[in-house]
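Peer 1: A single structure is presented below for examination.
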Amino acid sequence: MSSAQMSSNREELMKGLNHALNREVSTFLRYMLSAAKIKGIVNAPVRELYSAEVADELGHATYLADKIVMLGGTPELNPDLTPPADEVTEMLKYDIAQEKIDVEGYLKLAELADREGLAELKVRMEEQAADEAHHAEVMERLLG
Ligand SMILES: [Fe+2]
Ligand SMILES: [Fe+2]
């Protein structure tokens with residue numbers, strides 16, 4: 001691989017990591033508000049799920065921010081602050097779709113990391129893809 005190809009791969013990786021960081025920050029802010037908005041015994045399991053996932057997404061965001069710095073970049077925050085839907089079914093449908101987009105994003109990042117020989121990052125991106133796939137599945141079960 002030429003050095004020009006190498007640097008464009010690295011550039012795409014760094015851009016992708018920052019994009020993923022912003023998606024994670026957007027997600028944990030949205031999930032925090034989703035949990036806050038849900039009331040009533042019927043929807044208590046959905047509230048619990050959103051509360052639990054705030055911590056997962058914050059963990060993903062923290063990993064990405066740390067990694068961007070260790071790879072010589074600067075984390076740049078520009079999160080999407082669109083609030084969650086008022087209705088629980090709409091919340092879940094929207095977030096299932098977003099989680100699936102994140103699975104694809106992390107699998108792509110794993111590929112880019114692999115091409116850079118970044119073994120730990122590759123595995124972590126695959127693990128985060130698996131986490132998001134699990135989130136989507138749990139939400140699909142709650143949606144019924
Ligand atoms: Fe996440
Ligand atoms: Fe997730």
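Labels used: A, B, ... for chains in the order of the structure tokens, numbers from 1 for residues in each chain, and numbers from 1 for ligands as shown.
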Could you write out, as a PyMOL selection string, all the residues of region 5-143 of chain A that DSSP marks as alpha helix (DSSP H)?
Peer 2: chain A and resi 5-37+44-70+88-115+119-143
Peer 1: Taking only C-alpha atoms and all ligand atoms into account, which residues are within 8 Å of ligand 1, as number ranges by chain?
Peer 2: A: 23-24, 27, 56-61, 99, 102, 128, 131-132
Peer 1: In terms of the shortest atom-to-atom distance over only C-alpha atoms and all ligand atoms, which of A:Val123, A:Ala52, A:Ala85, A:Met91 is closest to ligand 2?
Peer 2: A:Ala52
Peer 1: List the spatial neighbours of Leu109 (chain A) as JSON, numbers by chain - criterion: any atom at most 7 Å away, only C-alpha atoms, same-chain residues fewer than 3 positions off excluded.
Peer 2: {"A": [13, 16, 105, 106, 112, 113, 125]}
Peer 1: Counting only C-alpha atoms, figure out which residue out of A:Lys122, A:Arg115, A:Arg47, A:Arg141 gets nearest to Arg10 (chain A).
Peer 2: A:Arg115
Peer 1: Suppose you want the space between CA of Glu90 (chain A) and CA of Ala136 (chain A); what is it in Å?
Peer 2: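 According to the coordinates, CA of Glu90 (chain A) and CA of Ala136 (chain A) are separated by 13.9 Å.
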Peer 1: Which of these, A:Val25, A:Glu87, A:Glu120, A:Lys39, has the shortest distance to ligand 2 once you count only C-alpha atoms and all ligand atoms?
Peer 2: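 Closest candidate: A:Val25.
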Peer 1: Using only C-alpha atoms, which of the listed residues (A:Ser8, A:Thr89, A:Thr74, A:Asn22) sits closest to Leu142 (chain A)?
Peer 2: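 The shortest atom-to-atom distance to Leu142 (chain A) comes from A:Thr89.
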Peer 1: Please provide the set of residues having any atom within 12 Å of region 92-94 of chain A, restricted to only C-alpha atoms, with same-chain residues fewer than 6 positions apart removed, written as a PyMOL selection string.
Peer 2: chain A and resi 27+30-31+34-35+38+43+46-47+49-50+82-86+100-101+135-144
